[in-house]
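Take a look at the structure set out below.
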Amino acid sequence: MATDYLSALNVGTGLNTTEIIDSLVEAERAPKAKMINDNKAERTVAISSLGSVKTGFESFDTSLENLDGTTGLNISSTITAVDLAFADSKVAKAFSHQIGVSQLASAHTLVFGGYSGESAAIGTGTLNFSFGTWASDGSFSANSDRTATDVTISSTNSTLAGLRDSINDADLQVTASIIRTDDTNYALALKSREGASHSLQISATENPGGSGLSSLAYTSVDNSIQSLAGANAIMTLDGVSITRQSNVIDDLVDGVSMTLNSTTSQNGTITAAYDSSTALTAMKTLVDEINKIQTELRSLTTRGINGQEAGALASDSLVKSLQRQLSAYTTTPIIGFGNSSVYLAEFGVTTNRDGSISLDETTFNTQFAAKPDDFSAIMQSRVTTDTNLVKGTVTGSLYKPGIYAFDIANDGSATLDGTAMTQTISRYSIVSGDAAGLILDVTGGGLDTNIYIGTSLLDSLRTFSQNIVKTGSDLNTKITRYNDDLIKYSDQLTSLDESVAAARARYVAKFNAMEKVSASMKKTGESLTNMMDAWKATMKNK
């Protein structure tokens, strides 16, 4: 506390005016500062708590992303000759097939040797590449699906390396490479794509004076140049003979890609089977993640009754609304996965009194064994139909899950629930309405069928979480507004301090004036006292 020097010198009123002024100023400042600081503290806690909500939903979304597509369907092969992988797990279902491989697909490979190095001159002119099938009698049949292409060799690329690069840059589906065959010899190797009908035929047209290019022509079967003939893969699936141009086959079993590695001496078995333990583990994780985020929301919004401490967001209507919406997802029917809705309760999920959910493993295993495909409604969005002749996908997020009737007319036009679809050859699409973003691919003449568009519980929860934390969301807007409030409260404290400083200056001025008056009156009193003392002394002497 500042020293009141006037009082110390015993001048003026003798009051401690500094202490009085401090008390007056503090009495004026304290209630206003307390209100501002209380508001500031409340906003700081709210911002931190809202930030926890945001972080919680971000973590929730990440955890759910790791579960996406886990339907419990596992694929396996009993032979190393065939590898399996999911090409589209949304349409894959359980299967078991006997498979055998009698021939692998191979790429037609030509090797032109006798060059001294990568910079060896090859002449100039044009090489024409055409594609087709070389028959056993040496005749060539062009592939009507592929176009013959010229590669021009000029003075700028008339070396072995220049030709290699030009072929690779020509987008011919031909790979050119240079092989060092021994210390002094190099060769140009040309490899087409797999399949007998993609074999190479090369004709050469040399420029005058640019000899050498003709040695790269291949217009008849020449085993001194051909190191590997183009061939198709030949296999059997459940005894049915199948031919494909590639060793990677993704059009035999829905949703599954097969890679042929070698031929087989006997058949093997490829299977896709539902594994309840895999599905149960995924379901447990989903339940745990829902409970985790719900526990945090309940803790922040608890009202604090019966002596309990209230949560930091007990009066926040936004967070309470998010909590209610999240709870609703666990009881809402999931549609678009068949003719009947799927409920989480069917898989053993129940809601407890405190709002958490529990999983009964026995009920889950029983339901999964009976209807494993229904588990997709929880873990994987998809589009399915009642026929293999119509396959669908959906893009964007404007569509509504549900069942739609696809009708195809004799003229090839089609409608979806009575709305005309846009046709491009055998593909049908729709860009507006409840099925906006749906694309249907029709094989042959197609069939009238139901289209099932389903959004999984997992994807619904992820969309919900992503909308909460995205830029411009209600949550982010509220956090921004509260941060603006902190700036406003800091400005209010600054203004209050300036106001208090001005009040202090006014009090100091008034008390200084009072002290001056008091000091003047004290001096007058002292003069009068001295005069009286002098007068009394004079009277005694008489």
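As shown in the structure tokens, the chain order sets the letters A, B, ...; within each chain, residues go from 1, and ligands are also counted from 1 in the order they appear.
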Q.
If DSSP is run on the backbone, what residues of region 258-412 of chain A are alpha helix (DSSP H)? A reply as JSON, numbers by chain would be ideal.
A. {"A": [276, 277, 278, 279, 280, 281, 282, 283, 284, 285, 286, 287, 288, 289, 290, 291, 292, 293, 294, 295, 296, 297, 298, 299, 300, 301, 317, 318, 319, 320, 321, 322, 323, 324, 325, 326, 327, 328, 329, 361, 362, 363, 364, 365, 366, 367, 368, 369, 370, 376, 377, 378, 379]}
Q. Do you know which residues are at most 12 Å from Ser356 (chain A) counting only C-alpha atoms, after dropping those on the same chain fewer than 2 positions away, and could you put them as a count of residues only?
A. 26
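Distances to Tyr115 (chain A) were evaluated for A:Thr18, A:Thr331, A:Thr159, A:Ser376 using only C-alpha atoms, and the minimum falls at A:Thr159.
CA of Ala314 (chain A) sits 5.4 Å away from CA of Thr302 (chain A).
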Q) What does the distance between CA of Asn267 (chain A) and CA of Gly100 (chain A) come to in Å, to one decimal place? A)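 Atom-to-atom, CA of Asn267 (chain A) and CA of Gly100 (chain A) are spaced 4.5 Å apart.
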(Q) Report as a VMD selection string all protein, DNA and RNA residues lying within 10 Å of region 316-319 of chain A, evaluated on only C-alpha atoms, omitting residues in the same chain fewer than 6 positions from it. (A) chain A and resid 46 50 53 297 to 298 300 to 301 325 474 to 475 478
Restricted to C-alpha atoms, what would the selected residues look like written as a PDB file, in the first residue's frame?
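Okay, this is what ended up in selection.pdb:
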ATOM      1  CA  ALA A  46     -16.599 -24.324 -22.116  1.00  0.00           C
ATOM      2  CA  LEU A  50     -16.229 -28.270 -26.558  1.00  0.00           C
ATOM      3  CA  VAL A  53     -16.160 -33.085 -27.767  1.00  0.00           C
ATOM      4  CA  LEU A 297     -20.766 -36.632 -23.518  1.00  0.00           C
ATOM      5  CA  ARG A 298     -22.675 -37.754 -20.401  1.00  0.00           C
ATOM      6  CA  LEU A 300     -19.815 -33.141 -19.733  1.00  0.00           C
ATOM      7  CA  THR A 301     -23.602 -32.671 -19.688  1.00  0.00           C
ATOM      8  CA  GLN A 325     -28.835 -38.016 -31.924  1.00  0.00           C
ATOM      9  CA  ASP A 474     -22.538 -25.775 -35.253  1.00  0.00           C
ATOM     10  CA  LEU A 475     -19.848 -27.038 -32.885  1.00  0.00           C
ATOM     11  CA  LYS A 478     -19.851 -22.158 -31.146  1.00  0.00           C
TER      12      LYS A 478
END
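The space separating CA of Ser413 (chain A) from CA of Tyr399 (chain A) comes to 21.7 Å.
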**Q.** Within 8 Å of Gly454 (chain A) using only C-alpha atoms, minus same-chain residues under 6 positions, as a list in words
**A.**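 The neighbour list is Ile334, Ile335, Gly336, Phe337, Ala377, Ser381, Arg382, Val383, Pro401 and Gly402 of chain A.
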Q. Closest to Ser460 (chain A) among A:Gly209, A:Gly311, A:Pro333, A:Pro372, using only C-alpha atoms?
A.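 Residue with the minimum atom-to-atom distance to Ser460 (chain A): A:Pro333.
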